[in-house]
$ cat data-v8.tsv   # TSV, C-alpha atoms
chain	number	residue	atom	x	y	z
A	227	MET	CA	11.46	-18.61	2.56
A	228	ALA	CA	8.31	-16.65	3.23
A	229	LEU	CA	8.77	-16.50	6.99
A	230	CYS	CA	12.06	-15.39	8.53
A	231	SER	CA	13.50	-13.46	11.44
A	232	ILE	CA	16.42	-11.16	12.18
A	233	SER	CA	17.70	-10.38	15.66
A	234	GLY	CA	19.09	-7.04	16.73
A	235	LEU	CA	17.52	-4.99	13.94
A	236	CYS	CA	16.75	-1.46	15.01
A	237	VAL	CA	14.92	1.24	13.05
A	238	LYS	CA	16.60	4.28	14.58
A	239	GLY	CA	14.74	6.94	12.67
A	240	VAL	CA	12.72	7.85	9.60
A	241	VAL	CA	12.48	10.96	7.45
A	242	THR	CA	9.60	11.33	5.00
A	243	LEU	CA	9.46	13.89	2.21
A	244	CYS	CA	6.52	15.13	0.14
A	245	PRO	CA	6.32	17.89	-2.41
A	246	SER	CA	4.48	20.87	-0.94
A	247	ASN	CA	2.33	21.05	-4.07
A	248	GLU	CA	-1.03	19.61	-2.98
A	249	GLU	CA	-4.01	18.64	-5.12
A	250	ASP	CA	-7.59	18.30	-3.89
A	251	ASN	CA	-9.80	15.49	-5.23
A	252	PHE	CA	-12.74	17.93	-5.06
A	253	ASP	CA	-10.99	19.95	-7.79
A	254	LEU	CA	-10.67	17.07	-10.27
A	255	PRO	CA	-11.95	18.38	-13.60
A	256	PHE	CA	-13.09	15.04	-15.02
A	257	LEU	CA	-15.50	14.01	-12.24
A	258	SER	CA	-19.01	15.25	-11.43
A	259	ASP	CA	-19.68	16.65	-7.93
A	260	GLU	CA	-21.52	13.43	-7.03
A	261	GLU	CA	-18.57	11.32	-8.24
A	262	LYS	CA	-16.13	13.43	-6.25
A	263	ARG	CA	-18.14	13.01	-3.04
A	264	ALA	CA	-18.40	9.24	-3.58
A	265	LEU	CA	-14.70	9.03	-4.42
A	266	VAL	CA	-13.53	10.84	-1.27
A	267	ASN	CA	-16.03	8.94	0.87
A	268	HIS	CA	-15.06	5.47	-0.37
A	269	THR	CA	-11.34	5.87	-1.04
A	270	GLY	CA	-10.79	8.07	2.02
A	271	ILE	CA	-8.48	10.22	-0.10
A	272	ARG	CA	-8.98	14.00	-0.19
A	273	TYR	CA	-5.52	15.46	-0.83
A	274	ARG	CA	-2.64	14.23	-2.93
A	275	ARG	CA	0.93	15.51	-3.39
A	276	LYS	CA	2.33	16.04	-6.86
A	277	VAL	CA	5.87	16.80	-7.99
A	278	HIS	CA	6.78	18.70	-11.13
A	279	GLN	CA	7.60	16.60	-14.17
A	280	ASN	CA	11.32	17.42	-13.99
A	281	GLU	CA	11.76	16.46	-10.33
A	282	ARG	CA	13.56	13.20	-9.54
A	283	VAL	CA	13.19	10.67	-6.78
A	284	SER	CA	16.99	10.61	-6.30
A	285	ASP	CA	17.03	14.31	-5.39
A	286	TYR	CA	14.42	13.71	-2.69
A	287	PHE	CA	16.37	10.70	-1.41
A	288	GLU	CA	19.51	12.87	-1.22
A	289	GLN	CA	17.70	15.56	0.77
A	290	GLY	CA	16.17	12.90	3.00
A	291	VAL	CA	19.52	11.25	3.75
A	292	GLY	CA	21.00	14.62	4.70
A	293	ALA	CA	18.17	15.28	7.15
A	294	LEU	CA	18.18	11.73	8.51
A	295	VAL	CA	21.87	11.51	9.41
A	296	ASP	CA	21.46	14.76	11.36
A	297	LEU	CA	18.30	13.43	13.04
A	298	VAL	CA	19.88	10.19	14.26
A	299	GLN	CA	23.32	11.75	14.67
A	300	TRP	CA	25.11	9.39	12.33
A	301	ASN	CA	28.28	10.08	10.44
A	302	ILE	CA	27.57	9.33	6.78
A	303	THR	CA	30.97	7.64	6.46
A	304	ASP	CA	29.79	4.98	8.94
A	305	VAL	CA	27.03	3.77	6.59
A	306	ASP	CA	27.68	0.24	5.34
A	307	VAL	CA	24.66	-0.37	3.11
A	308	LEU	CA	22.51	1.90	0.96
A	309	VAL	CA	19.44	0.40	-0.68
A	310	CYS	CA	16.92	2.30	-2.80
A	311	VAL	CA	13.47	0.82	-3.44
A	312	SER	CA	11.71	2.52	-6.31
A	313	GLN	CA	10.00	1.99	-9.67
A	314	PRO	CA	10.92	4.94	-11.86
A	315	LYS	CA	9.44	5.16	-15.35
A	316	GLU	CA	12.78	4.63	-17.01
A	317	THR	CA	15.50	2.20	-16.01
A	318	GLN	CA	18.13	4.06	-14.05
A	319	ILE	CA	21.66	3.49	-15.29
A	320	PRO	CA	23.56	3.75	-13.06
A	321	SER	CA	21.20	2.73	-10.30
A	322	ILE	CA	19.60	5.35	-8.05
A	323	SER	CA	21.73	4.13	-5.13
A	324	ASN	CA	24.89	4.55	-7.21
A	325	GLN	CA	23.80	8.05	-8.19
A	326	LEU	CA	23.28	8.84	-4.52
A	327	HIS	CA	26.64	7.37	-3.57
A	328	GLY	CA	28.24	9.78	-6.02
A	329	LYS	CA	26.55	12.75	-4.36
A	330	LEU	CA	26.87	11.75	-0.73
A	331	ASN	CA	30.06	11.21	1.20
A	332	LEU	CA	29.71	7.45	1.66
A	333	THR	CA	32.88	5.40	1.70
A	334	ASN	CA	33.89	3.07	-1.11
A	335	GLU	CA	33.20	0.14	1.21
A	336	ALA	CA	29.47	0.96	1.26
A	337	MET	CA	27.31	-1.55	-0.63
A	338	CYS	CA	24.78	0.16	-2.88
A	339	PHE	CA	22.01	-1.36	-4.96
A	340	ASP	CA	18.40	-0.82	-5.99
A	341	ILE	CA	15.31	-2.95	-5.56
A	342	ASN	CA	12.49	-2.72	-8.08
A	343	SER	CA	9.41	-2.93	-5.89
A	344	GLY	CA	6.22	-0.99	-5.33
A	345	CYS	CA	3.79	-0.87	-2.44
A	346	SER	CA	5.29	-3.88	-0.61
A	347	GLY	CA	8.75	-2.33	-0.87
A	348	TYR	CA	9.21	-1.12	2.70
A	349	PRO	CA	9.03	-4.48	4.52
A	350	TYR	CA	10.96	-6.14	1.68
A	351	GLY	CA	13.63	-3.44	1.88
A	352	LEU	CA	13.78	-3.71	5.65
A	353	HIS	CA	14.40	-7.43	5.39
A	354	VAL	CA	17.05	-7.06	2.69
A	355	VAL	CA	19.09	-4.43	4.54
A	356	GLY	CA	18.70	-6.38	7.79
A	357	ALA	CA	20.02	-9.53	6.16
A	358	MET	CA	22.89	-7.60	4.56
A	359	LEU	CA	23.87	-6.05	7.89
A	360	LYS	CA	23.87	-9.47	9.56
A	361	THR	CA	26.43	-10.76	7.07
A	362	LEU	CA	28.91	-8.01	7.88
A	363	ASN	CA	29.87	-9.34	11.32
A	364	LYS	CA	30.34	-5.76	12.43
A	365	PRO	CA	29.00	-4.24	15.64
A	366	SER	CA	26.53	-1.41	14.99
A	367	ALA	CA	26.51	-1.97	11.22
A	368	LYS	CA	24.40	0.74	9.60
A	369	ALA	CA	22.12	0.95	6.58
A	370	LEU	CA	20.11	3.60	4.83
A	371	LEU	CA	16.86	2.41	3.25
A	372	CYS	CA	15.39	4.84	0.72
A	373	VAL	CA	11.91	4.02	-0.58
A	374	GLY	CA	9.35	5.85	-2.65
A	375	ASP	CA	8.02	6.82	-6.04
A	376	PHE	CA	6.70	9.77	-7.94
A	377	SER	CA	3.62	7.94	-9.18
A	378	SER	CA	2.22	11.08	-10.80
A	379	GLN	CA	4.98	10.71	-13.39
A	380	LEU	CA	3.74	7.21	-14.26
A	381	ILE	CA	0.03	7.87	-14.73
A	382	GLU	CA	-2.07	9.34	-17.52
A	383	GLU	CA	-3.46	12.81	-16.91
A	384	ASN	CA	-7.18	11.97	-16.99
A	385	ASP	CA	-7.14	8.36	-15.80
A	386	LYS	CA	-10.03	8.14	-13.33
A	387	SER	CA	-8.63	4.96	-11.76
A	388	THR	CA	-5.17	6.25	-10.87
A	389	VAL	CA	-5.12	10.06	-10.72
A	390	PRO	CA	-7.44	10.38	-7.66
A	391	ILE	CA	-5.53	7.70	-5.76
A	392	PHE	CA	-1.78	8.04	-6.20
A	393	SER	CA	0.39	10.62	-4.52
A	394	ASP	CA	4.12	11.42	-4.53
A	395	ALA	CA	6.39	10.87	-1.53
A	396	VAL	CA	9.63	9.23	-0.44
A	397	SER	CA	11.16	8.17	2.83
A	398	VAL	CA	14.60	7.41	4.19
A	399	SER	CA	15.14	5.12	7.18
A	400	ALA	CA	18.19	4.59	9.38
A	401	ILE	CA	18.60	0.91	10.22
A	402	GLU	CA	21.22	-0.28	12.68
A	403	LEU	CA	22.24	-3.69	13.88
A	404	ASP	CA	22.50	-3.76	17.65
A	405	GLU	CA	23.11	-7.25	19.02
A	406	SER	CA	22.50	-5.96	22.55
A	407	ILE	CA	18.83	-5.65	21.61
A	408	LYS	CA	17.05	-8.81	22.61
A	409	HIS	CA	14.07	-8.27	20.35
A	410	ILE	CA	13.68	-10.20	17.14
A	411	SER	CA	12.12	-8.77	13.99
A	412	TYR	CA	9.88	-11.18	12.10
A	413	PHE	CA	9.10	-11.09	8.40
A	414	ASN	CA	6.64	-12.66	6.02
A	415	LEU	CA	7.44	-12.09	2.34
A	416	GLU	CA	5.10	-13.52	-0.27
A	417	THR	CA	4.29	-13.24	-3.97
A	418	ILE	CA	1.06	-14.11	-5.77
A	419	GLY	CA	2.26	-13.80	-9.34
A	420	LYS	CA	-1.14	-14.71	-10.77
A	421	GLY	CA	-2.15	-11.21	-9.72
A	422	GLN	CA	0.54	-9.50	-11.78
A	423	LYS	CA	-2.01	-7.84	-14.08
A	424	ALA	CA	-3.72	-6.01	-11.21
A	425	ILE	CA	-1.22	-3.16	-11.63
A	426	THR	CA	0.84	-2.92	-14.82
A	427	MET	CA	2.51	-0.53	-17.23
A	428	GLU	CA	0.61	-0.33	-20.52
A	429	ASN	CA	1.46	2.07	-23.34
A	430	ASN	CA	3.95	3.78	-21.04
A	431	TYR	CA	1.40	4.47	-18.29
A	432	MET	CA	0.64	2.71	-15.03
A	433	ARG	CA	-2.79	1.04	-15.09
A	434	LEU	CA	-4.70	-0.03	-12.02
A	435	ASN	CA	-7.40	-2.68	-12.07
A	436	GLY	CA	-9.29	-1.71	-8.92
A	437	ILE	CA	-11.42	-4.86	-8.75
A	438	ASP	CA	-8.41	-7.18	-8.97
A	439	VAL	CA	-6.35	-5.15	-6.49
A	440	PHE	CA	-9.30	-5.36	-4.08
A	441	SER	CA	-9.72	-9.10	-4.61
A	442	TYR	CA	-6.04	-9.98	-4.19
A	443	ALA	CA	-5.53	-7.66	-1.23
A	444	VAL	CA	-8.61	-8.69	0.73
A	445	GLN	CA	-8.20	-12.36	-0.14
A	446	PHE	CA	-4.50	-12.69	0.76
A	447	VAL	CA	-3.35	-9.89	3.09
A	448	PRO	CA	-5.35	-10.83	6.24
A	449	GLN	CA	-4.12	-14.44	6.23
A	450	HIS	CA	-0.61	-13.19	5.42
A	451	ILE	CA	-0.61	-11.02	8.56
A	452	LYS	CA	-2.05	-13.84	10.65
A	453	LYS	CA	0.77	-16.10	9.47
A	454	LEU	CA	3.30	-13.48	10.60
A	455	LEU	CA	1.69	-13.21	14.04
A	456	GLU	CA	1.54	-16.96	14.39
A	457	TYR	CA	5.21	-17.29	13.38
A	458	SER	CA	6.25	-14.66	15.90
A	459	ASN	CA	4.15	-16.34	18.62
A	460	ASN	CA	2.39	-13.03	18.95
A	461	GLU	CA	-1.09	-14.15	18.06
A	462	SER	CA	-2.58	-13.65	21.48
A	463	THR	CA	-0.71	-10.44	22.33
A	464	LEU	CA	-1.42	-8.05	19.51
A	465	PRO	CA	1.23	-5.54	18.43
A	466	GLU	CA	0.45	-1.98	19.46
A	467	VAL	CA	-0.27	-0.85	15.92
A	468	PHE	CA	-0.80	-2.27	12.43
A	469	ILE	CA	0.66	0.04	9.81
A	470	LEU	CA	-0.88	-1.06	6.53
A	471	HIS	CA	0.07	0.21	3.11
A	472	GLN	CA	-2.38	3.01	2.42
A	473	ALA	CA	-4.12	1.61	-0.66
A	474	ASN	CA	-7.59	3.08	-0.23
A	475	LYS	CA	-10.21	3.10	2.53
A	476	LEU	CA	-12.36	0.39	0.96
A	477	ILE	CA	-9.48	-2.10	0.79
A	478	ASN	CA	-7.90	-1.17	4.12
A	479	ASP	CA	-11.21	-1.30	6.02
A	480	SER	CA	-11.92	-4.75	4.55
A	481	ILE	CA	-8.47	-6.01	5.57
A	482	VAL	CA	-8.80	-4.63	9.11
A	483	LYS	CA	-12.21	-6.25	9.49
A	484	ARG	CA	-10.85	-9.62	8.35
A	485	ILE	CA	-7.82	-9.48	10.63
A	486	GLY	CA	-10.31	-8.88	13.41
A	487	ILE	CA	-8.76	-5.77	14.96
A	488	SER	CA	-10.30	-2.41	15.79
A	489	GLU	CA	-9.91	0.48	13.35
A	490	GLU	CA	-7.91	2.41	15.96
A	491	LEU	CA	-5.13	-0.18	15.70
A	492	ALA	CA	-4.71	0.54	12.00
A	493	PRO	CA	-4.20	4.29	11.57
A	494	SER	CA	-4.78	5.97	8.22
A	495	THR	CA	-3.06	8.86	6.47
A	496	LEU	CA	-5.13	8.49	3.30
A	497	TYR	CA	-7.13	11.70	3.69
A	498	ASP	CA	-4.11	13.99	3.72
A	499	PHE	CA	-1.52	12.02	1.74
A	500	GLY	CA	-3.34	9.59	-0.58
A	501	ASN	CA	-1.68	6.38	-1.73
A	502	THR	CA	2.05	7.14	-1.61
A	503	ALA	CA	3.08	3.64	-2.76
A	504	SER	CA	6.06	2.26	-0.82
A	505	ALA	CA	6.39	5.47	1.22
A	506	SER	CA	2.94	5.08	2.74
A	507	ILE	CA	4.12	2.77	5.55
A	508	PRO	CA	6.90	5.08	6.84
A	509	ILE	CA	4.61	8.13	6.54
A	510	THR	CA	1.82	6.44	8.49
A	511	LEU	CA	4.25	5.01	11.04
A	512	GLY	CA	5.91	8.38	11.53
A	513	LYS	CA	2.66	10.31	11.84
A	514	PHE	CA	1.40	7.77	14.39
A	515	CYS	CA	4.63	7.97	16.40
A	516	GLU	CA	4.34	11.77	16.53
A	517	LYS	CA	1.25	11.25	18.70
A	518	GLN	CA	2.02	8.06	20.57
A	519	GLN	CA	5.17	6.25	21.60
A	520	ILE	CA	5.09	2.59	20.62
A	521	GLN	CA	7.40	-0.38	20.93
A	522	THR	CA	5.93	-2.92	18.52
A	523	ALA	CA	4.38	-2.50	15.12
A	524	VAL	CA	3.30	-4.69	12.24
A	525	LEU	CA	4.21	-3.08	8.93
A	526	CYS	CA	2.42	-4.58	5.92
A	527	GLY	CA	2.80	-3.56	2.29
A	528	PHE	CA	0.93	-5.03	-0.64
A	529	GLY	CA	0.37	-4.22	-4.30
A	530	VAL	CA	2.07	-4.41	-7.67
A	531	GLY	CA	3.30	-7.94	-8.25
A	532	PHE	CA	1.03	-9.04	-6.64
A	533	SER	CA	3.50	-8.75	-3.80
A	534	ILE	CA	2.86	-8.83	-0.05
A	535	GLY	CA	5.45	-8.18	2.64
A	536	SER	CA	5.08	-7.69	6.35
A	537	ALA	CA	7.37	-7.17	9.30
A	538	LEU	CA	6.85	-7.22	13.04
A	539	VAL	CA	9.37	-4.71	14.34
A	540	HIS	CA	10.33	-3.21	17.67
A	541	LEU	CA	10.97	0.51	17.77
A	542	PRO	CA	13.52	2.01	20.16
A	543	GLN	CA	12.41	4.47	22.82
A	544	ASN	CA	14.33	7.23	21.06
A	545	PHE	CA	12.84	6.48	17.62
A	546	ALA	CA	13.20	9.71	15.66
A	547	TYR	CA	10.84	10.98	12.97
A	548	LEU	CA	10.82	14.05	10.78
A	549	HIS	CA	8.47	14.98	7.95
A	550	ILE	CA	9.60	17.48	5.32
A	551	ASN	CA	7.41	19.31	2.83
A	552	THR	CA	9.90	20.27	0.16
B	142	MET	CA	-12.80	-13.07	11.97
B	143	PRO	CA	-15.99	-12.00	10.12
B	144	GLN	CA	-19.02	-14.17	10.67
B	145	LYS	CA	-19.67	-16.96	8.19
B	146	GLU	CA	-21.12	-15.44	5.07
B	147	LEU	CA	-24.75	-16.21	4.18
B	148	ASP	CA	-26.34	-17.24	0.92
B	149	ILE	CA	-27.72	-14.30	-0.98
B	150	SER	CA	-31.20	-14.36	-2.53
B	151	LEU	CA	-31.84	-12.92	-5.96
B	152	SER	CA	-33.97	-10.13	-4.51
B	153	ASP	CA	-31.22	-9.23	-2.02
B	154	PHE	CA	-28.67	-9.32	-4.84
B	155	LEU	CA	-30.74	-6.91	-6.94
B	156	ALA	CA	-31.29	-4.66	-3.93
B	157	VAL	CA	-27.53	-4.53	-3.25
B	158	SER	CA	-26.87	-3.86	-6.94
B	159	ALA	CA	-29.40	-1.01	-6.91
B	160	THR	CA	-27.79	0.55	-3.84
B	161	GLU	CA	-24.18	0.32	-5.00
B	162	LEU	CA	-24.94	1.35	-8.58
B	163	ILE	CA	-27.20	4.19	-7.39
B	164	THR	CA	-30.01	2.95	-9.65
B	165	PRO	CA	-33.76	2.47	-8.87
B	166	ILE	CA	-34.35	-1.22	-8.17
B	167	GLU	CA	-37.34	-1.30	-10.54
B	168	LEU	CA	-34.93	-0.65	-13.42
B	169	LEU	CA	-32.86	-3.74	-12.61
B	170	SER	CA	-33.55	-7.36	-13.48
B	171	VAL	CA	-31.63	-10.53	-14.29
B	172	ASP	CA	-31.60	-9.40	-17.93
B	173	THR	CA	-30.02	-6.00	-17.24
B	174	ILE	CA	-26.68	-5.64	-19.03
B	175	PHE	CA	-24.64	-4.19	-16.20
B	176	ARG	CA	-22.18	-2.27	-18.35
B	177	GLU	CA	-25.13	-0.33	-19.82
B	178	ILE	CA	-26.26	0.91	-16.41
B	179	PRO	CA	-25.42	4.64	-16.48
B	180	ASN	CA	-23.80	4.47	-13.02
B	181	TRP	CA	-21.62	1.45	-13.86
B	182	THR	CA	-18.37	3.34	-13.19
B	183	SER	CA	-15.13	1.73	-12.11
B	184	LEU	CA	-15.69	2.96	-8.55
B	185	ASN	CA	-19.33	1.79	-8.34
B	186	ALA	CA	-18.43	-1.58	-9.85
B	187	LEU	CA	-15.72	-1.95	-7.21
B	188	LEU	CA	-18.20	-1.01	-4.49
B	189	LEU	CA	-20.63	-3.68	-5.73
B	190	ILE	CA	-17.93	-6.37	-5.86
B	191	SER	CA	-16.74	-5.36	-2.40
B	192	ARG	CA	-20.27	-5.46	-0.95
B	193	LEU	CA	-20.94	-8.85	-2.54
B	194	ASN	CA	-17.71	-10.12	-1.01
B	195	GLU	CA	-18.75	-8.80	2.39
B	196	LEU	CA	-22.11	-10.56	2.12
B	197	THR	CA	-21.04	-13.85	0.56
B	198	GLY	CA	-17.27	-14.19	0.93
B	199	VAL	CA	-16.98	-14.58	-2.84
B	200	PHE	CA	-14.18	-12.83	-4.72
B	201	ILE	CA	-15.03	-11.68	-8.24
B	202	SER	CA	-12.13	-10.85	-10.55
B	203	SER	CA	-12.08	-8.57	-13.57
B	204	SER	CA	-11.68	-11.63	-15.82
B	205	ASP	CA	-14.84	-13.11	-14.22
B	206	LEU	CA	-16.69	-9.93	-15.19
B	207	ALA	CA	-15.23	-9.97	-18.70
B	208	ASP	CA	-16.93	-13.31	-19.34
B	209	ILE	CA	-20.46	-12.21	-18.42
B	210	ARG	CA	-22.94	-9.52	-19.46
B	211	THR	CA	-26.05	-9.47	-17.29
B	212	LEU	CA	-26.88	-9.08	-13.62
B	213	GLY	CA	-28.44	-12.55	-13.76
B	214	GLU	CA	-25.12	-14.00	-14.90
B	215	LEU	CA	-23.33	-12.09	-12.15
B	216	TYR	CA	-25.76	-13.48	-9.59
B	217	ALA	CA	-25.23	-17.02	-10.93
B	218	LEU	CA	-21.47	-16.51	-10.73
B	219	VAL	CA	-21.68	-15.42	-7.09
B	220	VAL	CA	-23.93	-18.36	-6.15
B	221	ASN	CA	-21.80	-20.90	-8.04
B	222	LYS	CA	-18.60	-19.60	-6.46
B	223	GLN	CA	-20.18	-19.66	-3.05
B	224	ASN	CA	-21.34	-23.23	-3.56
B	225	GLY	CA	-17.92	-24.23	-4.80
B	226	THR	CA	-19.25	-25.27	-8.20
B	227	LEU	CA	-16.86	-22.88	-9.96
$ encode --input "data-v8.tsv" --output "structure tokens"
Amino acid sequence: MALCSISGLCVKGVVTLCPSNEEDNFDLPFLSDEEKRALVNHTGIRYRRKVHQNERVSDYFEQGVGALVDLVQWNITDVDVLVCVSQPKETQIPSISNQLHGKLNLTNEAMCFDINSGCSGYPYGLHVVGAMLKTLNKPSAKALLCVGDFSSQLIEENDKSTVPIFSDAVSVSAIELDESIKHISYFNLETIGKGQKAITMENNYMRLNGIDVFSYAVQFVPQHIKKLLEYSNNESTLPEVFILHQANKLINDSIVKRIGISEELAPSTLYDFGNTASASIPITLGKFCEKQQIQTAVLCGFGVGFSIGSALVHLPQNFAYLHINT
Amino acid sequence: MPQKELDISLSDFLAVSATELITPIELLSVDTIFREIPNWTSLNALLLISRLNELTGVFISSSDLADIRTLGELYALVVNKQNGTL
């Protein structure tokens, strides 16, 4: 079931959180000045955010949920589903969502579970919570979708392939089912398991094979997005914006070129935020919506797996966004 | 959609390799062992693979690279993949 649709799904608001601690790729000790210039030029990444080793994704999710329910004026006891999408270094027992449930004031009727997913996690998570809400047969059913990773805790200190790229961030989204909304959200969820070695954990550290990530992303993502547009009958009328996972400039530029859209339709937050894994879509969406009100957006995540997920969503006029530097 | 990719000549291939690996073209030949080029870094290798893809439409994987040693073998790989003989 790669292609599917959900009616009445509404992303009411998003909160993104980054640590205020910022690192500059021009300060990397293990690269020459020439290498640093080439790196920033070709990856598009200048600044990255980095948490302290003892900080936990669940604490950021908790802070994000608190800010989000205020932002969209929800009562936390009305939340029906809580899903956390993350890939922490160690298996979380109990799950991150269960830990959060214990800290927040959700009711015992709230469903809570985690999804182990990386850079494609946002569209996958959006589909999962949407499908869960549909099964409830409840008007205005509500879900919280928490996504993000502290990648700096997964990578080796002097790894030239990962350190200059990955950055720490999380996001929390408020998703509501509103059957009065006529719009339909469309999804395309795919897996190319032959590409599983492109990003792996080896000897307790995350390893990135840049050539394979490039090849799988550029080979499969453009046709994946075209399939979504074709399925939604939206091929001739392009969505207002394409929010791609922020992998790096080289990959994203190649994808944009192959989809055949202008660069302006695919905004980037790479320079200031780096590759924030599954949080990169909500960050880029939110930053874009701070400048321009939009109604339709394609959200496409791709990476570890090799997993690709995309969604064509409609945003409400009162879509709310808040970014927090902790 | 990008335009249909063109065949790449050996001289163009070496010129692209020289540019992306920041190496004088006179130092490169079909016998050059690419991993011994001082500027064969992970980033520059990625840039070369990306540029070759842009020019020819061919995708080179890390396992493709693991099986070959020289620029001549890389050129042959690109041509064979483009011609569908691999």
$ closest_atom_pairs --input "data-v8.tsv" --of "region 150-179 of chain B" --to "region 199-217 of chain B" --cutoff "6 Å" --atoms "only C-alpha atoms" --output "Markdown table"
| residue | atom | partner | partner_atom | distance |
| --- | --- | --- | --- | --- |
| B:Val171 | CA | B:Gly213 | CA | 3.8 |
| B:Asp172 | CA | B:Thr211 | CA | 5.6 |
| B:Thr173 | CA | B:Thr211 | CA | 5.3 |
| B:Ile174 | CA | B:Thr211 | CA | 4.3 |
| B:Phe175 | CA | B:Thr211 | CA | 5.6 |
$ interface_residues --input "data-v8.tsv" --of "chain A" --to "chain B" --cutoff "9 Å" --atoms "only C-alpha atoms" --output "mmCIF file with C-alpha atoms, keeping the file's coordinate frame"
data_model
loop_
_atom_site.group_PDB
_atom_site.id
_atom_site.type_symbol
_atom_site.label_atom_id
_atom_site.label_comp_id
_atom_site.auth_asym_id
_atom_site.auth_seq_id
_atom_site.Cartn_x
_atom_site.Cartn_y
_atom_site.Cartn_z
ATOM 1 C CA GLU A 261 -18.570 11.320 -8.240
ATOM 2 C CA ALA A 264 -18.400 9.240 -3.580
ATOM 3 C CA LEU A 265 -14.700 9.030 -4.420
ATOM 4 C CA HIS A 268 -15.060 5.470 -0.370
ATOM 5 C CA LYS A 386 -10.030 8.140 -13.330
ATOM 6 C CA SER A 387 -8.630 4.960 -11.760
ATOM 7 C CA ASN A 435 -7.400 -2.680 -12.070
ATOM 8 C CA GLY A 436 -9.290 -1.710 -8.920
ATOM 9 C CA ILE A 437 -11.420 -4.860 -8.750
ATOM 10 C CA ASP A 438 -8.410 -7.180 -8.970
ATOM 11 C CA PHE A 440 -9.300 -5.360 -4.080
ATOM 12 C CA SER A 441 -9.720 -9.100 -4.610
ATOM 13 C CA TYR A 442 -6.040 -9.980 -4.190
ATOM 14 C CA VAL A 444 -8.610 -8.690 0.730
ATOM 15 C CA GLN A 445 -8.200 -12.360 -0.140
ATOM 16 C CA LEU A 476 -12.360 0.390 0.960
ATOM 17 C CA ILE A 477 -9.480 -2.100 0.790
ATOM 18 C CA SER A 480 -11.920 -4.750 4.550
ATOM 19 C CA LYS A 483 -12.210 -6.250 9.490
ATOM 20 C CA ARG A 484 -10.850 -9.620 8.350
ATOM 21 C CA ILE A 485 -7.820 -9.480 10.630
ATOM 22 C CA GLY A 486 -10.310 -8.880 13.410
ATOM 23 C CA ILE A 487 -8.760 -5.770 14.960
#
$ residues_around --input "data-v8.tsv" --residues "Ala369 (chain A)" --least-positions-apart "2" --cutoff "9 Å" --atoms "all atoms listed in the file" --output "VMD selection string"
chain A and resid 304 to 309 355 to 356 358 to 359 367 371 399 to 403
$ atom_distance --input "data-v8.tsv" --atom1 "CA of Lys262 (chain A)" --atom2 "CA of Ala473 (chain A)"
17.8 Å
$ residues_around --input "data-v8.tsv" --residues "region 509-517 of chain A" --least-positions-apart "4" --cutoff "7 Å" --atoms "all atoms listed in the file" --output "ChimeraX atom specification"
/A:242,469,494-495,505,547
$ atom_distance --input "data-v8.tsv" --atom1 "CA of Ala293 (chain A)" --atom2 "CA of Ser378 (chain A)"
24.4 Å
$ residues_around --input "data-v8.tsv" --residues "region 343-345 of chain A" --least-positions-apart "3" --cutoff "9 Å" --atoms "all atoms listed in the file" --output "list in words"
Val311, Ser312, Gln313, Tyr348, Tyr350, Gly351, Val373, Gly374, Asp375, His471, Gln472, Ala473, Thr502, Ala503, Ser504, Ala505, Ser506, Ile507, Gly527, Phe528, Gly529, Val530, Gly531, Ser533 and Ile534 of chain A
$ write_last_selection --input "data-v8.tsv" --atoms "C-alpha atoms" --output "PDB file, in the frame of the given file"
ATOM      1  CA  VAL A 311      13.470   0.820  -3.440  1.00  0.00           C
ATOM      2  CA  SER A 312      11.710   2.520  -6.310  1.00  0.00           C
ATOM      3  CA  GLN A 313      10.000   1.990  -9.670  1.00  0.00           C
ATOM      4  CA  TYR A 348       9.210  -1.120   2.700  1.00  0.00           C
ATOM      5  CA  TYR A 350      10.960  -6.140   1.680  1.00  0.00           C
ATOM      6  CA  GLY A 351      13.630  -3.440   1.880  1.00  0.00           C
ATOM      7  CA  VAL A 373      11.910   4.020  -0.580  1.00  0.00           C
ATOM      8  CA  GLY A 374       9.350   5.850  -2.650  1.00  0.00           C
ATOM      9  CA  ASP A 375       8.020   6.820  -6.040  1.00  0.00           C
ATOM     10  CA  HIS A 471       0.070   0.210   3.110  1.00  0.00           C
ATOM     11  CA  GLN A 472      -2.380   3.010   2.420  1.00  0.00           C
ATOM     12  CA  ALA A 473      -4.120   1.610  -0.660  1.00  0.00           C
ATOM     13  CA  THR A 502       2.050   7.140  -1.610  1.00  0.00           C
ATOM     14  CA  ALA A 503       3.080   3.640  -2.760  1.00  0.00           C
ATOM     15  CA  SER A 504       6.060   2.260  -0.820  1.00  0.00           C
ATOM     16  CA  ALA A 505       6.390   5.470   1.220  1.00  0.00           C
ATOM     17  CA  SER A 506       2.940   5.080   2.740  1.00  0.00           C
ATOM     18  CA  ILE A 507       4.120   2.770   5.550  1.00  0.00           C
ATOM     19  CA  GLY A 527       2.800  -3.560   2.290  1.00  0.00           C
ATOM     20  CA  PHE A 528       0.930  -5.030  -0.640  1.00  0.00           C
ATOM     21  CA  GLY A 529       0.370  -4.220  -4.300  1.00  0.00           C
ATOM     22  CA  VAL A 530       2.070  -4.410  -7.670  1.00  0.00           C
ATOM     23  CA  GLY A 531       3.300  -7.940  -8.250  1.00  0.00           C
ATOM     24  CA  SER A 533       3.500  -8.750  -3.800  1.00  0.00           C
ATOM     25  CA  ILE A 534       2.860  -8.830  -0.050  1.00  0.00           C
TER      26      ILE A 534
END
$ atom_distance --input "data-v8.tsv" --atom1 "CA of Ser397 (chain A)" --atom2 "CA of Lys453 (chain A)"
27.2 Å
$ residues_around --input "data-v8.tsv" --residues "Pro390 (chain A)" --least-positions-apart "2" --cutoff "8 Å" --atoms "only C-alpha atoms" --output "list in words"
Asn251, Leu254, Ile271, Arg274, Lys386, Ser387, Thr388 and Phe392 of chain A
